[in-house]
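Inspection log for the structure reproduced underneath, given as structure tokens.
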Amino acid sequence: PTTGVLYKEDNYIIMTTVDKEKYKCILPLIASGNEEEEKDYKGPTPGELLEPLFKQSSCSYRIESYWTYEVCHGKHIRQYHEEKETGQKINIQEYYLGNMMMKNPLSEADQEEKENSKEGAFPLLSPAQIPTKNIEGQMTPYYPVELGNGTPCSLRQNRPRSSTLMYICHPEAKHEILSVAEVTTCEYEVVILTPLLCSHPKYRFRASPVNDIFCQSLPGSPLKPHNLEQLEKQQEMLKTPFRRVKEEEMPSTKEEKFSSIHKPVAVGSHQLLTVGTTHISKLTDEQLIKEFLSGSYCFHGGVGWWKYEFCYGKYVHQYHEDKESGRTSVVVGTWSKEEHVEWSRKNAARTFYLREDGTQTVRMVSHFYGNGDVCDLTDKPRQVTVKLKCKESDSPHAVTIYMLEPHSCQYILGVESPVICKILDTADEYGLLSVPS
């Protein structure tokens with residue numbers, strides 16, 4: 001859930017269509033009495049909740065078209081660009097956008113809140129006292145951490161660059177950088193998604209008046225109601241009345257489109273490009289597993305200019321959509337079982353981990369997709385290794401996709417999803433998956 005609204009598996013209703021198709025619809029928990037919860041809150045301050053992040057010296061990255069942004073929490077934010085010169089020498093252009101100037105990054109407001117709570121007079125702060133930022137149309141509370149003493153700025157009489165890190169609650173996040181903006185010359189705002197603040201009632205998203213209801217088909221019912229599929233096809237045909245719509249151009253009715261916060265991922269020193277979340281029904285349904293394994297149910301993810309589409313056993317595409325020029329698409333890799341089997345003889349198609357009882361279980365499978373579009377830098381076809389991992393999640397709708405480029409036009413696509421948890425142990429010696437028996 002991207003709005004911070006909580007969903008619970010036991011809070012649902014069963015909906016039946018006129019064709020007797022049945023769907024289990026999970027309802028959001030609309031909190032009433034938020035104010036009471038805030039008044040009664042006696043837990044850690046936001047600064048204390050974030051303290052583990054500062055102590056473990058972790059860094060988050062965001063890669064844009066030219067610059068890479070590195071936030072090492074509690075230390076610094078750096079903007080840099082690497083270029084390989086002749087002889088493999090790496091030339092780095094870098095600027096520090098701010099450095100932490102105190103050991104314990106607690107703001108004055110946080111210290112005040114701490115003191116007040118000690119006295120047993122925890123005040124209910126007004127919305128004006130907790131800063132908010134408009135994120136995807138919703139006013140979102142954030143916890144600010146100021147960083148100064150960055151690289152001198154020549155446009156401002158060599159004054160040091162400075163940044164405000166805005167930490168916001170996101171229950172599914174891993175401390176990702178959502179955005180970097182230069183609000184005035186050499187002064188920056190960086191929005192970071194973190195689950196650590198979500199236990200503090202004042203930093204949860206304010207519930208918006210409209211919340212998604214997620215529906216999943218029950219056994220014996222199609223993924224989408226028949227009448228809804230027909231309606232969507234009719235609407236699409238009405239949009240293009242002057243040309244014949246080819247079957248392959250029809251929108252896939254297998255894909256469910258929900259708004260989501262797309263986000264880069266936080267890692268150590270890895271060259272992560274992008275990650276995104278998409279939403280799917282909870283994949284306990286055998287039919288949905290079949291849709292995924294047949295390649296008709298595709299995953300989408302990505303942030304910034306490029307997005308990614310992964311259709312199992314078919315292809316990996318990188319694409320950009322523009323209102324004026326339409327869709328630009330690059331084939332990153334296409335599936336050939338023969339090529340994959342050949343690849344798997346030289347590479348690990350399955351990796352295992354040992355359970356406590358001594359038995360082995362599959363941790364990850366890797367698949368090779370070659371013969372993509374020719375790369376300008378190498379004059380060779382692009383290729384990608386897709387790594388499929390299990391993602392256990394309280395949210396039944398979470399899928400994470402990220403892409404790395406360890407070598408020019410040779411990619412690694414990571415796909416983590418609850419559906420993969422159901423089928424990893426079916427992997428054969430080549431890492432090929434099948435419907436559980």
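Ordering of the structure tokens sets the chain letters (A, B, ...), residue numbers begin anew at 1 in every chain, and ligands are numbered from 1 in the order given.
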
Open item on the list: Could you list, as JSON, numbers by chain, every residue within 6 Å of range 348-352 of chain A, counting only C-alpha atoms and ignoring same-chain residues fewer than 2 positions away?
Closed with: {"A": [344, 361, 362, 363, 364, 365, 366, 430, 431]}

Range 43-71 of chain A residues near range 170-181 of chain A within 9 Å, closest pair each, using only C-alpha atoms, as a tab-separated table:
residue	atom	partner	partner_atom	distance
A:Leu53	CA	A:His175	CA	8.6
A:Cys59	CA	A:His175	CA	8.7
A:Ser60	CA	A:Glu176	CA	6.0
A:Tyr61	CA	A:Ile177	CA	6.6
A:Arg62	CA	A:Ile177	CA	6.2
A:Tyr69	CA	A:Val180	CA	8.1
A:Glu70	CA	A:Ile177	CA	8.9
A:Val71	CA	A:Ile177	CA	8.0

- [ ] Considering only C-alpha atoms, state which residue in the set A:Lys8, A:His76, A:Lys387, A:Lys233 is at the smallest distance from Thr400 in chain A.
- [x]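 Going through A:Lys8, A:His76, A:Lys387, A:Lys233 one by one, the smallest distance to Thr400 in chain A is for A:Lys387.
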
Task: Selected residue, from A:Gly148, A:Gly295, A:Pro141, A:Pro160, that lies nearest to Met100 in chain A when counting only C-alpha atoms - done: A:Gly148

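Counting from CA of Tyr12 in chain A, the distance to CA of Leu288 in chain A is 19.7 Å.
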
- [ ] Go through A:Ser199, A:Tyr315, A:Gln79, A:Tyr96 one by one, measure the shortest atom-to-atom distance of each to Ser336 in chain A using only C-alpha atoms, and give the residue with the smallest value.
- [x] A:Tyr315

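Excluding range 215-228 of chain A and any residue on its chain fewer than 2 positions from it, the residues at most 6 Å away by only C-alpha atoms are A:Glu21, A:Lys22, A:Tyr23, A:Lys24, A:Cys25, A:Gln230, A:Leu231, A:Ser281.
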
Atoms to include: N, CA and C atoms. Write the selected residues as a CSV table (one decimal), in the first residue's frame.
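After the write, part_28.csv holds the following:
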chain,number,residue,atom,x,y,z
A,21,GLU,N,-19.0,-15.0,-10.7
A,21,GLU,CA,-17.6,-15.0,-10.5
A,21,GLU,C,-17.4,-14.4,-9.1
A,22,LYS,N,-16.5,-15.0,-8.4
A,22,LYS,CA,-16.3,-14.6,-7.0
A,22,LYS,C,-14.9,-13.9,-6.8
A,23,TYR,N,-14.8,-12.8,-6.0
A,23,TYR,CA,-13.6,-12.1,-5.8
A,23,TYR,C,-13.5,-11.8,-4.3
A,24,LYS,N,-12.3,-12.0,-3.7
A,24,LYS,CA,-12.0,-11.6,-2.3
A,24,LYS,C,-11.4,-10.2,-2.4
A,25,CYS,N,-12.0,-9.2,-1.8
A,25,CYS,CA,-11.6,-7.8,-1.9
A,25,CYS,C,-11.1,-7.4,-0.5
A,230,GLN,N,-14.4,-7.3,-21.3
A,230,GLN,CA,-15.1,-6.8,-22.5
A,230,GLN,C,-15.2,-5.3,-22.6
A,231,LEU,N,-15.6,-4.7,-21.4
A,231,LEU,CA,-15.7,-3.3,-21.4
A,231,LEU,C,-14.4,-2.6,-21.7
A,281,SER,N,-2.3,-9.1,-7.3
A,281,SER,CA,-3.1,-9.8,-6.3
A,281,SER,C,-2.2,-10.8,-5.5

Open item on the list: Measuring between only C-alpha atoms, which one of A:Leu97, A:Leu197, A:Leu50, A:Leu29 shows the shortest distance to Arg159 in chain A?
Closed with: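 Closest candidate: A:Leu97.
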
Task: Straight-line distance linking CA of Thr426 in chain A with CA of Gln410 in chain A, stated in Å to one decimal - done: 27.5 Å
